[in-house]
Every structure is written in structure tokens, then in C-alpha cells.
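Asker: So I've got this file, structure26.cif, and it contains mmCIF, C-alpha atoms and all ligand atoms:
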data_entry
#
loop_
_atom_site.label_atom_id
_atom_site.label_comp_id
_atom_site.auth_asym_id
_atom_site.auth_seq_id
_atom_site.Cartn_x
_atom_site.Cartn_y
_atom_site.Cartn_z
CA ARG A 1 -34.78 16.17 3.79
CA ALA A 2 -32.59 13.08 3.50
CA ARG A 3 -35.58 10.86 4.31
CA GLU A 4 -37.78 12.66 1.80
CA LEU A 5 -35.17 12.18 -0.93
CA GLN A 6 -34.77 8.51 -0.02
CA GLU A 7 -38.54 7.97 -0.39
CA ARG A 8 -38.55 9.64 -3.80
CA ARG A 9 -35.52 7.58 -4.83
CA GLU A 10 -37.33 4.38 -3.88
CA VAL A 11 -40.16 5.35 -6.22
CA SER A 12 -38.10 6.32 -9.27
CA LEU A 13 -34.79 4.42 -9.16
CA ALA A 14 -34.78 0.64 -9.58
CA GLU A 15 -34.14 -0.84 -6.18
CA VAL A 16 -31.21 -3.04 -7.20
CA GLN A 17 -28.94 0.02 -7.30
CA GLU A 18 -26.83 0.05 -4.20
CA HIS A 19 -26.07 3.01 -2.05
CA TYR A 20 -24.01 3.30 1.09
CA TYR A 21 -25.85 2.69 4.38
CA ALA A 22 -29.47 1.96 5.23
CA ALA A 23 -30.09 5.65 5.95
CA PRO A 24 -27.52 7.45 3.82
CA PRO A 25 -26.69 11.13 4.29
CA GLN A 26 -27.84 13.40 1.48
CA ILE A 27 -24.82 15.15 0.07
CA GLU A 28 -24.98 18.89 -0.52
CA ARG A 29 -21.48 19.31 -1.93
CA GLY A 30 -17.93 18.00 -1.74
CA TRP A 31 -14.61 19.71 -1.19
CA ARG A 32 -11.29 17.82 -1.43
CA GLU A 33 -11.74 14.70 0.78
CA HIS A 34 -14.68 16.25 2.65
CA LEU A 35 -18.42 16.00 2.12
CA LEU A 36 -21.08 18.33 3.40
CA ALA A 37 -24.55 16.84 3.94
CA THR A 38 -27.85 18.72 3.69
CA ASP A 39 -28.32 18.39 7.45
CA GLY A 40 -25.16 20.45 7.96
CA ARG A 41 -22.97 17.53 9.03
CA ALA A 42 -19.50 17.09 7.52
CA TYR A 43 -17.97 13.75 6.57
CA LEU A 44 -14.53 12.54 5.66
CA ASP A 45 -14.76 10.58 2.40
CA MET A 46 -12.40 7.62 2.89
CA VAL A 47 -13.94 5.35 0.27
CA ASN A 48 -14.01 7.35 -2.95
CA ASN A 49 -11.74 5.82 -5.55
CA VAL A 50 -13.32 7.86 -8.34
CA ALA A 51 -12.85 11.51 -7.30
CA VAL A 52 -9.06 11.18 -7.12
CA LEU A 53 -8.35 14.92 -7.40
CA GLY A 54 -10.76 15.52 -4.55
CA HIS A 55 -14.26 16.88 -4.76
CA GLY A 56 -14.88 20.27 -6.35
CA HIS A 57 -11.39 20.64 -7.85
CA PRO A 58 -11.50 24.17 -9.38
CA GLY A 59 -8.89 23.67 -12.14
CA PHE A 60 -10.56 20.47 -13.26
CA ALA A 61 -14.02 22.05 -13.23
CA ASP A 62 -12.79 25.07 -15.23
CA ALA A 63 -11.09 22.92 -17.87
CA VAL A 64 -14.23 20.82 -18.41
CA ALA A 65 -16.56 23.83 -18.44
CA THR A 66 -14.38 25.62 -21.01
CA GLN A 67 -14.37 22.58 -23.29
CA LEU A 68 -18.13 22.13 -22.94
CA ARG A 69 -18.61 25.67 -24.21
CA ARG A 70 -16.11 25.19 -27.04
CA PHE A 71 -16.97 21.81 -28.62
CA ASN A 72 -18.23 18.37 -27.77
CA SER A 73 -19.30 15.56 -30.02
CA ASN A 74 -18.80 11.92 -30.82
CA SER A 75 -15.32 10.69 -31.54
CA ARG A 76 -15.48 10.72 -35.36
CA PHE A 77 -14.04 14.24 -35.67
CA HIS A 78 -10.33 15.00 -35.78
CA TYR A 79 -9.73 17.04 -32.69
CA ARG A 80 -6.45 18.08 -31.08
CA ALA A 81 -7.46 17.44 -27.45
CA VAL A 82 -8.26 13.79 -28.22
CA VAL A 83 -4.85 13.13 -29.74
CA GLU A 84 -3.10 15.04 -26.96
CA PHE A 85 -4.81 12.96 -24.29
CA ALA A 86 -3.92 9.68 -26.02
CA GLU A 87 -0.28 10.84 -26.19
CA LYS A 88 -0.24 11.78 -22.50
CA LEU A 89 -1.80 8.47 -21.52
CA THR A 90 0.63 6.32 -23.48
CA ALA A 91 3.54 8.34 -22.03
CA THR A 92 2.66 6.83 -18.63
CA LEU A 93 2.99 3.28 -19.99
CA PRO A 94 6.00 1.15 -20.89
CA ALA A 95 6.67 -0.03 -24.45
CA PRO A 96 5.04 -1.53 -26.41
CA LEU A 97 1.76 -0.24 -24.93
CA ASP A 98 1.05 2.73 -27.19
CA GLN A 99 -2.33 2.17 -28.86
CA VAL A 100 -5.35 3.68 -27.11
CA PHE A 101 -9.07 2.90 -27.35
CA LEU A 102 -11.25 5.38 -25.41
CA VAL A 103 -14.49 4.23 -23.74
CA ASN A 104 -16.76 5.40 -20.90
CA SER A 105 -16.37 3.00 -17.98
CA GLY A 106 -14.39 0.22 -16.39
CA SER A 107 -16.88 -2.44 -17.45
CA GLU A 108 -16.62 -1.31 -21.05
CA ALA A 109 -12.83 -1.27 -20.84
CA VAL A 110 -12.66 -4.84 -19.52
CA ASP A 111 -15.26 -5.93 -22.07
CA LEU A 112 -13.22 -4.45 -24.90
CA ALA A 113 -9.98 -5.91 -23.51
CA LEU A 114 -11.56 -9.40 -23.60
CA ARG A 115 -12.94 -8.78 -27.09
CA ILE A 116 -9.48 -7.70 -28.29
CA ALA A 117 -7.88 -10.82 -26.79
CA MET A 118 -10.50 -13.04 -28.44
CA ALA A 119 -10.29 -11.34 -31.84
CA ALA A 120 -6.49 -11.16 -31.84
CA THR A 121 -6.08 -14.85 -30.98
CA GLY A 122 -9.13 -16.24 -32.77
CA ARG A 123 -10.06 -17.98 -29.52
CA ARG A 124 -12.71 -17.55 -26.85
CA ASP A 125 -11.44 -19.15 -23.64
CA VAL A 126 -10.33 -16.83 -20.86
CA TRP A 127 -8.76 -17.45 -17.46
CA ALA A 128 -9.74 -15.31 -14.46
CA VAL A 129 -9.07 -15.53 -10.72
CA GLY A 130 -11.51 -16.13 -7.88
CA GLU A 131 -12.98 -13.34 -5.73
CA ALA A 132 -12.59 -10.79 -8.53
CA TYR A 133 -14.82 -7.98 -9.78
CA HIS A 134 -14.39 -6.67 -13.33
CA GLY A 135 -17.72 -5.03 -14.17
CA TRP A 136 -21.36 -5.61 -15.01
CA THR A 137 -21.53 -5.83 -18.83
CA TYR A 138 -21.98 -9.36 -20.16
CA ALA A 139 -18.30 -10.21 -20.71
CA SER A 140 -16.88 -8.29 -17.73
CA ASP A 141 -19.55 -9.86 -15.52
CA ALA A 142 -18.65 -13.30 -16.84
CA VAL A 143 -15.10 -12.97 -15.49
CA SER A 144 -16.30 -11.41 -12.18
CA THR A 145 -16.05 -14.26 -9.72
CA SER A 146 -16.82 -12.40 -6.51
CA ILE A 147 -19.88 -13.67 -4.71
CA ALA A 148 -20.40 -10.54 -2.60
CA ASP A 149 -20.35 -8.04 -5.45
CA ASN A 150 -22.06 -10.19 -7.99
CA PRO A 151 -24.59 -12.65 -6.62
CA ASN A 152 -25.57 -14.02 -10.01
CA ALA A 153 -22.08 -14.55 -11.34
CA LEU A 154 -21.73 -18.18 -10.38
CA ASP A 155 -25.00 -19.14 -12.07
CA SER A 156 -24.42 -17.14 -15.20
CA ARG A 157 -20.77 -18.02 -15.86
CA PRO A 158 -20.41 -19.00 -19.52
CA ASP A 159 -18.31 -22.01 -20.49
CA TRP A 160 -15.50 -19.89 -21.95
CA VAL A 161 -14.50 -18.63 -18.49
CA HIS A 162 -12.03 -20.70 -16.43
CA VAL A 163 -11.36 -19.70 -12.85
CA LEU A 164 -8.01 -20.08 -11.09
CA ASP A 165 -7.91 -20.45 -7.31
CA THR A 166 -8.24 -17.18 -5.47
CA PRO A 167 -4.55 -16.24 -4.97
CA ASN A 168 -5.28 -14.81 -1.53
CA PRO A 169 -2.14 -14.99 0.63
CA TYR A 170 -4.04 -14.11 3.81
CA ARG A 171 -7.16 -16.25 3.82
CA GLY A 172 -7.13 -18.61 0.86
CA LYS A 173 -6.23 -22.21 0.12
CA HIS A 174 -2.55 -21.36 0.68
CA ARG A 175 -1.52 -18.68 3.10
CA ASP A 176 1.50 -16.86 4.46
CA GLY A 177 4.73 -18.67 3.51
CA ASP A 178 2.80 -21.20 1.38
CA ALA A 179 1.28 -18.54 -0.90
CA ALA A 180 4.08 -19.19 -3.41
CA ALA A 181 2.21 -22.41 -4.28
CA TYR A 182 -0.58 -20.52 -6.08
CA ALA A 183 1.56 -19.69 -9.13
CA PRO A 184 2.82 -23.20 -10.05
CA GLU A 185 -0.67 -24.61 -9.44
CA ALA A 186 -2.17 -21.99 -11.77
CA VAL A 187 0.44 -22.78 -14.44
CA THR A 188 -0.31 -26.51 -14.14
CA ARG A 189 -4.03 -25.89 -14.69
CA ILE A 190 -3.45 -23.59 -17.68
CA ASP A 191 -1.03 -26.12 -19.20
CA ALA A 192 -3.46 -29.01 -18.62
CA LEU A 193 -6.37 -27.26 -20.33
CA ALA A 194 -4.12 -26.28 -23.25
CA ALA A 195 -2.84 -29.87 -23.53
CA ALA A 196 -6.47 -31.00 -23.71
CA GLY A 197 -6.97 -28.68 -26.70
CA THR A 198 -8.45 -25.55 -25.07
CA LEU A 199 -5.97 -22.76 -25.79
CA PRO A 200 -6.41 -19.43 -23.96
CA ALA A 201 -7.38 -16.15 -25.58
CA GLY A 202 -6.15 -14.49 -22.41
CA PHE A 203 -5.96 -14.10 -18.68
CA VAL A 204 -7.49 -11.20 -16.77
CA ALA A 205 -6.75 -10.06 -13.21
CA GLU A 206 -6.19 -6.99 -11.08
CA PRO A 207 -2.42 -6.71 -10.49
CA VAL A 208 -3.09 -5.84 -6.85
CA TYR A 209 -6.04 -7.80 -5.57
CA GLY A 210 -8.56 -4.99 -5.13
CA ASN A 211 -11.86 -6.68 -4.63
CA ALA A 212 -10.41 -9.05 -2.07
CA GLY A 213 -9.11 -6.17 0.04
CA GLY A 214 -6.33 -4.43 -1.85
CA MET A 215 -3.73 -7.05 -1.04
CA ALA A 216 -0.55 -7.80 -2.96
CA LEU A 217 -0.63 -10.96 -5.04
CA PRO A 218 2.04 -13.49 -4.07
CA GLU A 219 5.43 -12.41 -5.40
CA GLY A 220 6.02 -13.64 -8.94
CA TYR A 221 2.39 -14.72 -9.41
CA LEU A 222 1.65 -12.58 -12.46
CA ALA A 223 5.05 -13.29 -14.05
CA ALA A 224 4.34 -17.04 -13.83
CA VAL A 225 0.74 -16.86 -15.06
CA TYR A 226 1.49 -14.33 -17.83
CA GLY A 227 4.37 -16.64 -18.89
CA ALA A 228 2.09 -19.68 -19.15
CA ILE A 229 -0.66 -17.78 -20.99
CA ARG A 230 1.82 -16.35 -23.50
CA ARG A 231 3.49 -19.72 -24.04
CA HIS A 232 0.10 -20.91 -25.27
CA GLY A 233 -0.39 -17.81 -27.45
CA GLY A 234 -2.83 -15.92 -25.20
CA LEU A 235 -2.75 -12.30 -24.01
CA ALA A 236 -2.19 -10.99 -20.48
CA ILE A 237 -4.86 -8.43 -19.49
CA ALA A 238 -4.37 -6.14 -16.48
CA ASP A 239 -7.50 -4.63 -14.95
CA GLU A 240 -6.11 -1.33 -13.62
CA VAL A 241 -9.56 0.23 -13.16
CA GLN A 242 -9.20 0.47 -9.41
CA VAL A 243 -5.52 0.02 -8.71
CA GLY A 244 -3.86 2.09 -11.42
CA TYR A 245 -3.21 5.83 -11.80
CA GLY A 246 -0.97 6.59 -8.85
CA ARG A 247 -3.14 5.35 -5.99
CA LEU A 248 -0.49 2.84 -4.91
CA GLY A 249 1.89 5.74 -4.33
CA HIS A 250 4.99 3.67 -4.95
CA TRP A 251 3.91 2.79 -8.51
CA PHE A 252 1.70 4.54 -11.07
CA TRP A 253 0.42 1.21 -12.44
CA GLY A 254 -0.42 -1.90 -10.42
CA PHE A 255 1.47 -4.22 -12.76
CA GLU A 256 4.71 -2.43 -11.82
CA GLN A 257 4.33 -3.84 -8.30
CA GLN A 258 4.56 -7.34 -9.80
CA GLY A 259 7.40 -6.41 -12.18
CA VAL A 260 5.46 -7.40 -15.33
CA VAL A 261 4.18 -5.67 -18.48
CA PRO A 262 0.74 -6.83 -19.69
CA ASP A 263 -0.37 -7.07 -23.33
CA VAL A 264 -3.63 -5.22 -22.72
CA VAL A 265 -4.47 -2.69 -19.98
CA ALA A 266 -8.00 -1.68 -18.95
CA VAL A 267 -8.39 1.66 -17.12
CA ALA A 268 -11.27 3.85 -15.87
CA LYS A 269 -12.43 5.35 -12.54
CA ALA A 270 -9.51 7.64 -11.54
CA MET A 271 -8.75 8.69 -15.12
CA GLY A 272 -12.04 10.63 -15.30
CA ASN A 273 -12.15 11.95 -11.71
CA GLY A 274 -15.87 11.16 -11.68
CA HIS A 275 -16.55 11.90 -15.35
CA PRO A 276 -17.33 8.70 -17.31
CA LEU A 277 -14.03 7.85 -18.98
CA GLY A 278 -12.23 4.58 -19.57
CA ALA A 279 -9.55 3.24 -21.88
CA VAL A 280 -7.90 0.15 -23.21
CA ILE A 281 -4.25 0.37 -24.15
CA THR A 282 -2.39 -2.30 -26.07
CA SER A 283 0.53 -2.71 -28.46
CA ALA A 284 0.49 -1.83 -32.17
CA ALA A 285 0.83 -5.52 -33.04
CA VAL A 286 -2.23 -6.53 -30.99
CA ALA A 287 -4.23 -3.49 -32.16
CA GLU A 288 -3.51 -4.46 -35.76
CA ARG A 289 -4.65 -8.05 -35.17
CA TYR A 290 -7.86 -6.65 -33.69
CA ARG A 291 -8.36 -4.21 -36.59
CA THR A 292 -8.42 -7.03 -39.11
CA GLN A 293 -11.04 -8.93 -37.07
CA GLY A 294 -13.03 -6.42 -35.15
CA TYR A 295 -14.85 -3.14 -35.08
CA PHE A 296 -14.76 -0.38 -32.54
CA PHE A 297 -16.82 2.75 -32.15
CA SER A 298 -18.01 4.53 -29.03
CA SER A 299 -20.15 7.66 -29.37
CA ALA A 300 -18.97 9.38 -26.20
CA GLY A 301 -15.76 7.42 -25.57
CA GLY A 302 -12.92 9.75 -26.55
CA SER A 303 -15.18 12.76 -27.00
CA PRO A 304 -13.47 16.18 -26.86
CA VAL A 305 -14.83 16.77 -23.34
CA SER A 306 -13.77 13.33 -22.10
CA SER A 307 -10.31 13.89 -23.55
CA VAL A 308 -9.97 17.27 -21.84
CA VAL A 309 -11.09 15.56 -18.64
CA GLY A 310 -8.39 12.91 -19.11
CA THR A 311 -5.65 15.47 -19.70
CA ALA A 312 -6.76 17.65 -16.77
CA VAL A 313 -6.62 14.65 -14.42
CA LEU A 314 -3.19 13.51 -15.57
CA ASP A 315 -1.84 17.08 -15.37
CA ALA A 316 -3.22 17.57 -11.85
CA ILE A 317 -1.79 14.25 -10.66
CA ARG A 318 1.62 15.43 -11.87
CA THR A 319 1.58 19.11 -10.86
CA GLU A 320 -0.05 18.52 -7.47
CA ARG A 321 2.24 15.53 -6.80
CA LEU A 322 -0.72 13.32 -5.98
CA GLN A 323 1.12 10.05 -6.52
CA GLU A 324 3.80 11.26 -4.10
CA ASN A 325 1.05 12.30 -1.68
CA ALA A 326 -0.50 8.83 -1.97
CA ARG A 327 2.87 7.37 -1.01
CA GLU A 328 3.65 9.76 1.85
CA VAL A 329 0.20 9.93 3.44
CA GLY A 330 -0.40 6.29 2.54
CA ASP A 331 2.76 5.10 4.31
CA HIS A 332 1.74 7.11 7.37
CA LEU A 333 -1.78 5.66 7.23
CA HIS A 334 -0.51 2.07 6.90
CA ALA A 335 1.90 2.54 9.82
CA ARG A 336 -0.85 3.92 12.04
CA LEU A 337 -3.30 1.17 11.03
CA ARG A 338 -0.72 -1.52 11.74
CA ALA A 339 -0.12 0.04 15.16
CA LEU A 340 -3.88 -0.05 15.74
CA GLY A 341 -3.73 -3.77 14.95
CA GLU A 342 -1.53 -4.24 18.02
CA LYS A 343 -4.25 -2.74 20.17
CA HIS A 344 -7.36 -4.32 18.64
CA GLU A 345 -7.37 -8.11 18.26
CA VAL A 346 -10.11 -7.89 15.64
CA ILE A 347 -7.75 -6.30 13.07
CA GLY A 348 -6.32 -9.36 11.35
CA ALA A 349 -4.27 -7.61 8.68
CA VAL A 350 -3.71 -4.33 6.89
CA HIS A 351 -3.36 -4.92 3.14
CA GLY A 352 -2.25 -2.76 0.25
CA PHE A 353 -0.01 0.14 -0.63
CA GLY A 354 -0.34 3.91 -0.54
CA LEU A 355 -3.96 5.05 -0.59
CA TYR A 356 -5.10 1.60 -1.70
CA CYS A 357 -5.67 -0.11 1.59
CA GLY A 358 -7.79 -2.88 3.12
CA VAL A 359 -8.25 -3.36 6.86
CA GLU A 360 -9.29 -6.98 7.35
CA LEU A 361 -11.40 -7.72 10.42
CA VAL A 362 -11.49 -11.26 11.79
CA THR A 363 -13.24 -12.96 14.69
CA ASP A 364 -10.12 -14.99 15.42
CA ARG A 365 -6.54 -14.34 14.31
CA THR A 366 -5.78 -18.05 13.92
CA THR A 367 -8.75 -19.16 11.82
CA ARG A 368 -9.02 -15.69 10.23
CA ALA A 369 -12.80 -16.10 10.06
CA PRO A 370 -14.38 -12.92 8.65
CA ALA A 371 -15.92 -10.57 11.25
CA THR A 372 -18.77 -9.72 8.87
CA ALA A 373 -21.40 -8.42 11.29
CA LEU A 374 -18.88 -6.38 13.24
CA THR A 375 -17.54 -4.77 10.04
CA GLY A 376 -21.06 -3.64 9.10
CA ARG A 377 -21.64 -2.19 12.55
CA LEU A 378 -18.24 -0.52 12.45
CA CYS A 379 -19.09 1.25 9.17
CA ASP A 380 -22.37 2.50 10.69
CA ARG A 381 -20.50 3.75 13.76
CA LEU A 382 -17.87 5.44 11.60
CA LEU A 383 -20.62 7.32 9.79
CA GLU A 384 -21.87 8.62 13.13
CA LEU A 385 -18.31 9.73 13.85
CA GLY A 386 -18.13 11.54 10.50
CA VAL A 387 -16.32 9.04 8.26
CA VAL A 388 -17.73 7.43 5.11
CA MET A 389 -16.51 3.84 4.88
CA GLN A 390 -17.64 0.63 3.17
CA PRO A 391 -16.94 -3.10 3.57
CA THR A 392 -15.52 -5.18 0.70
CA GLY A 393 -14.47 -8.78 0.03
CA ASP A 394 -16.53 -11.94 -0.21
CA GLY A 395 -16.74 -11.96 3.60
CA GLN A 396 -17.71 -8.25 3.65
CA ASN A 397 -15.17 -7.94 6.45
CA ILE A 398 -12.57 -5.65 4.91
CA LEU A 399 -12.69 -1.87 5.26
CA LYS A 400 -12.18 -0.48 1.78
CA VAL A 401 -9.86 2.47 2.43
CA LYS A 402 -9.54 4.29 -0.90
CA PRO A 403 -9.85 8.04 -0.32
CA PRO A 404 -9.23 10.82 -2.86
CA LEU A 405 -5.49 11.15 -3.52
CA VAL A 406 -5.46 14.65 -1.99
CA LEU A 407 -5.96 13.14 1.49
CA THR A 408 -3.95 15.04 4.08
CA ARG A 409 -2.02 13.53 6.98
CA GLU A 410 -4.49 15.23 9.35
CA SER A 411 -7.43 13.57 7.61
CA ALA A 412 -5.67 10.20 7.72
CA ASP A 413 -5.18 10.70 11.47
CA PHE A 414 -8.83 11.70 11.88
CA PHE A 415 -9.86 8.42 10.23
CA VAL A 416 -7.54 6.24 12.32
CA ASP A 417 -8.61 8.00 15.54
CA ALA A 418 -12.28 7.49 14.64
CA LEU A 419 -11.61 3.82 13.88
CA ASP A 420 -9.78 3.42 17.19
CA HIS A 421 -12.65 5.07 19.01
CA ALA A 422 -15.28 2.96 17.24
CA LEU A 423 -13.40 -0.29 17.88
CA THR A 424 -12.89 0.58 21.55
N1 LIG A 501 -12.78 -3.46 -12.71
C1 LIG A 501 -12.55 -3.18 -11.42
C2 LIG A 501 -11.34 -3.73 -10.77
C3 LIG A 501 -13.45 -2.39 -10.69
O1 LIG A 501 -13.20 -2.12 -9.40
C4 LIG A 501 -14.59 -1.87 -11.35
C5 LIG A 501 -15.60 -0.99 -10.61
N2 LIG A 501 -15.76 -1.25 -9.28
C6 LIG A 501 -14.80 -2.20 -12.69
C7 LIG A 501 -13.86 -2.97 -13.34
C8 LIG A 501 -16.00 -1.70 -13.44
O2 LIG A 501 -15.91 -0.33 -13.63
P1 LIG A 501 -17.24 0.56 -13.90
O3 LIG A 501 -18.04 0.55 -12.63
O4 LIG A 501 -16.67 1.90 -14.25
O5 LIG A 501 -17.97 -0.05 -15.02
#
Can the structure from this file be put into C-alpha cells for me?

Answerer:
Amino acid sequence: RARELQERREVSLAEVQEHYYAAPPQIERGWREHLLATDGRAYLDMVNNVAVLGHGHPGFADAVATQLRRFNSNSRFHYRAVVEFAEKLTATLPAPLDQVFLVNSGSEAVDLALRIAMAATGRRDVWAVGEAYHGWTYASDAVSTSIADNPNALDSRPDWVHVLDTPNPYRGKHRDGDAAAYAPEAVTRIDALAAAGTLPAGFVAEPVYGNAGGMALPEGYLAAVYGAIRRHGGLAIADEVQVGYGRLGHWFWGFEQQGVVPDVVAVAKAMGNGHPLGAVITSAAVAERYRTQGYFFSSAGGSPVSSVVGTAVLDAIRTERLQENAREVGDHLHARLRALGEKHEVIGAVHGFGLYCGVELVTDRTTRAPATALTGRLCDRLLELGVVMQPTGDGQNILKVKPPLVLTRESADFFVDALDHALT
């Protein structure tokens, strides 16, 4: 049945759309962090950073179904659930971030964040970092510098995008103790371009370096870069699409890990638990500067159903203590993965926090050369052992460990044991 569906998919869906694996299992249904395939096999879903509440969450499903029966429409109506969701969302953010724009995806959120920065400053130049992914719409794609996730990005980069060195403390230009050098170098480049007359509209980055393996940026990196951008009148944009919303366990938002507060925050993925929902949050001052220059309307962004979705997700994260679970199970998972690193030479590093984790596989611990082929084989083997996993990073050598936030300790152990077995 899986093969038959794959053949039909090849006929009707444009081939560029990626799916996991050459011969992917056909999913029948999901439950918490588990998937059941049509062939009767069960899988542990260790890669799903969208279904944060777990698959088939009954309270979530009931809330959405009830709202679908009651009312749904575009966002032009006054409707209580929309306002309530915006209030709940801003309550998770520090001052002065209290103005919400609701959209449908991460790409749209990043696109709008860039548009706001450009309109509010009257400028067009934006700084981004290397090895980043921010989306596929024109503007979010333009600041996506990853080669692996975006093969056309380097050819299509418009002249308003300026790219800072990849601040990768593990396998970049500077590493380990020298990683502190990234920040002053970035500031020097921003200052030099400004001195030459090109002032920034903004700077965009993930506060924890998701696409490059979920690693922490060098300490103080965002504070230094945000400082330089603001000195020249630009806005600091945090892409929290992947990292935000409690996944880090220790922090609800990624920027908290770096001890900074951005001017504009882009969110999606987790906030909809699989339903298309994204947001941009900024300050009243920035929102007002945008209002005088720009226009915003999204038919389905901020619809009554999307807003009920947003509230149901935030409520479940709180009442089911999912951020705490991400910390507790995540700490256990990191400890076990680090221990596995002592046994298997090929594990070069374990990056990240909580249930936002990257296991970096290298052919040699000194050169840190990416073990690309092995990582692909490992993911195939893990599937045979009942674990869904995917490689990430420009070297496609990092296991992207981002399970639903309901992951249990037993499931974390199942994954690590399977990984141990596969590596052996
Ligand atoms: N930013 C980041 C950091 C992402 O990981 C993604 C999705 N992988 C996006 C933006 C784009 O989000 P979407 O796929 O919802 O458009």
C-alpha cells in the first residue's frame, strides 16, 4: 500500500517536494510521539517540531472541532477568541513586545518581519548569518543562506542581503575557545558597511542556531550584533519559528538563552501544533512606524479557528507542563547522548538544549569533517529499528532531534538505545 501511494504521489505532487526517506512509511495515524504505519509497524517520531502537543491530542482536537462548527472566517470580524489569543501570546513575551500580527506560516512571519523592519526604517539592507534557513517566500528565502536546505539561495541572493560569517562554534572559521571572535568581527563588518553609507534595516537570525544543528551561538553574540544594528538605527529580528515555544526547556523563547530582547519576533510551527499558524510580535512604537508606511491583511491569518488553535496550544503547554517536560526529558536525553559519545568515536558533539538537540557525526574528531554518508545510512537504519530521524546542516551530518514535547523518558531511552545499536 505504501508503494502504491508513493506511485500516485509521484504522478500528482510536484517532485521537488521533499519527504523523509527513499521508501517512506505510509502513516495511518499518530498518537503522542508515536506513529502507526499502514503496514502495522509503529515508529517513534523523534523529528517532529510541529506537533508539539503530540499527535492526536484529544483536547486540542475538540477545541478546534468546536470552533469549526461555531464560526470561522477571515480576520476582518471582531471576534473574542482572536483578541484572547493575542493577549495570551503577548503575555509570554517581555516588554515592549505587545503588538501581534497573525499569519499562517514561518516563511510568512519572517517575510513580514523583514517588511516591518524595512518600512519602519525606510531602508532595505538586511544582515543575516551563514548556514541559516528562514523560509521559502521571496524575502525569507533571500536571507536563507543554507546550501543544503536551499540549493538556489546563493544564486538568487538579492543585493540587499549581507551575510555575516556562520557563527558556528563547533565547525566554523573560529571554534571552541576562539568562538568569541565571531561577535567583534560581525560588529566590524556592520560598522564598515554603515560607514560606507549602507545603513541596516535589520538583522535576522535564529537565537539558537537551529539549521546548523541546534547549537548555542557564542555567548554574547546576539547582544553584540543587536547592539551594532541598533546603533545604526536598524531592528533586531529573532526567528523563533523552530526554537521558540518551550522546546528549549530551560527557556520559553530562544532569545532568553542569549539574554537579549529583540525588536521583532517571528513565530510559527509549534504555535499551531500542525495547524497553519504564525505570528510576528513587535513593540507599539515599531508597529506604529509600520502602520504609517505599510499595509497588512491575511485572509486566514488570525482567523477564529487559528486563534482557538493558538490558545489551545498555549494552554496545553502550560497545563501539561510541556516546557518542564522538555527540560527534564531533554536533560536526560542530552546526558545519555553525551555518554554515547564516549563509546562511539563518530559522535563529534551533542548540541542544543531540552528537546532541541543536534547529534553531530564526524569522520574525525580533530578535523570534524562531516560524516555525511554515514548519517544518511544511520537514518535509514533507525527507520528499520522504528525511529523516524532526519539529517540537517550544510554537511547533512547532524541528527535533527526535535520530538513532540510530550516525549517520555522511556521514549528518549528507546531512541538512544536504537542509536547505540545502529552505530554498533
Ligand atoms: N524559520 C525557521 C527557523 C524554520 O525552521 C522554518 C521552517 N523549517 C521557517 C522559518 C519557515 O517556516 P514554514 O515552513 O512554516 O514556512

Asker: For A:Gln99, list every protein, DNA or RNA residue within 7 Å, evaluated using only C-alpha atoms, and leave out those in the same chain fewer than 2 positions away; present the list as a PyMOL selection string.

Answerer: chain A and resi 97+101+281-284+287

Asker: Can you pull out the residues contacting A:Val204? Cut-off 7 Å, using all atoms listed in the file, and skip same-chain residues under 6 positions away; I want them as an MDAnalysis selection string.

Answerer: chainID A and resid 127:128 236:239

Asker: Go ahead and compute the interatomic distance for atom CA of A:Arg365 and atom CA of A:Glu328, in Å to one decimal.

Answerer: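 Atom-to-atom, atom CA of A:Arg365 to atom CA of A:Glu328, that is 29.0 Å.
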
Asker: Residues within 7 Å of ligand LIG 501 (chain A), counting all atoms listed in the file: report them as a list in words.

Answerer: Ser105, Gly106, Ser107, Glu108, Val110, Tyr133, His134, Gly135, Trp136, Glu206, Gly210, Asn211, Asp239, Glu240, Val241, Gln242, Ala268 and Lys269 of chain A

Asker: Can you work out which one of A:Gln26, A:Gln323, A:Gln6, A:Thr372 has the shortest atom-to-atom distance to A:His250, counting all atoms listed in the file?

Answerer: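 Checking each candidate against A:His250, we get A:Gln323 as the closest.
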
Asker: From the set A:Leu385, A:Ala192, A:Val267, A:Cys379, which residue has the shortest atom-to-atom contact distance to A:Ala113, counting only C-alpha atoms?

Answerer: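 Checking each candidate against A:Ala113, we get A:Val267 as the closest.
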
Asker: Please identify all polymer residues within 10 Å of A:Leu44, counting only C-alpha atoms, omitting same-chain residues fewer than 3 positions from it, and present them as a PyMOL selection string.

Answerer: chain A and resi 30-36+47+382-383+385-389+403+407+411-412+414-415

Asker: Which of these residues is nearest to A:Arg377, using all atoms listed in the file: A:Leu423, A:Gly395, A:Asp263, A:Asp191?

Answerer: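 Nearest to A:Arg377: A:Leu423.
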
Asker: Atom CA of A:Pro169 and atom CA of A:Tyr182, how far apart in Å?

Answerer: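 Separating atom CA of A:Tyr182 from atom CA of A:Pro169 is a distance of 8.8 Å.
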
Asker: Could you check the closest approach to A:His57 for each of A:Leu405, A:Tyr138, A:His174, A:Val359 and tell me which residue wins, using all atoms listed in the file?

Answerer: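 Going through A:Leu405, A:Tyr138, A:His174, A:Val359 one by one, the smallest distance to A:His57 is for A:Leu405.
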
Asker: With distances taken over all atoms listed in the file, which of A:Ser306, A:Ser299, A:Gln293, A:Asn273 is nearest to A:Leu53?

Answerer: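 Selected residue with least distance to A:Leu53: A:Asn273.
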
Asker: Of the candidates A:Arg70, A:Arg381, A:Arg247, A:Arg171, which one gets nearest to A:Lys402 if we count only C-alpha atoms?

Answerer: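 Smallest distance to A:Lys402 is found for A:Arg247.
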
Asker: Can you tell me how far atom CA of A:Ala139 sits from atom CA of A:Val126, in Å to one decimal?

Answerer: 10.4 Å

Asker: From (-8.7, -18.9, -11.9), in the file's coordinates, out to 9 Å: which residues are reached, counting all atoms listed in the file? Answer as a list in words.

Answerer: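 Those within range, by chain then number, are Trp127, Ala128, Val129, Gly130, Thr145, Val161, His162, Val163, Leu164, Asp165, Thr166, Pro167, Ala186, Arg189 and Phe203 of chain A.
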
Asker: Give as a list in words each residue that has an atom at most 6 Å from (-12.2, -10.0, 10.0) in the file, counting only C-alpha atoms.

Answerer: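 Taken together, the residues in range are Glu360, Leu361, Val362, Thr363, Pro370, Ala371 and Asn397 of chain A.
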
Asker: Would you pick out the contacts of A:Tyr170 at 9 Å or less, using all atoms listed in the file, so that residues sharing its chain but fewer than 6 positions from it are not included, and give the list as a list in words?

Answerer: Asp176, Ala179, Met215, Ala349 and Arg368 of chain A

Asker: What lies within 8 Å of A:Val261 using only C-alpha atoms, ignoring chain neighbours under 3 positions off, as a PyMOL selection string?

Answerer: chain A and resi 94+255-256
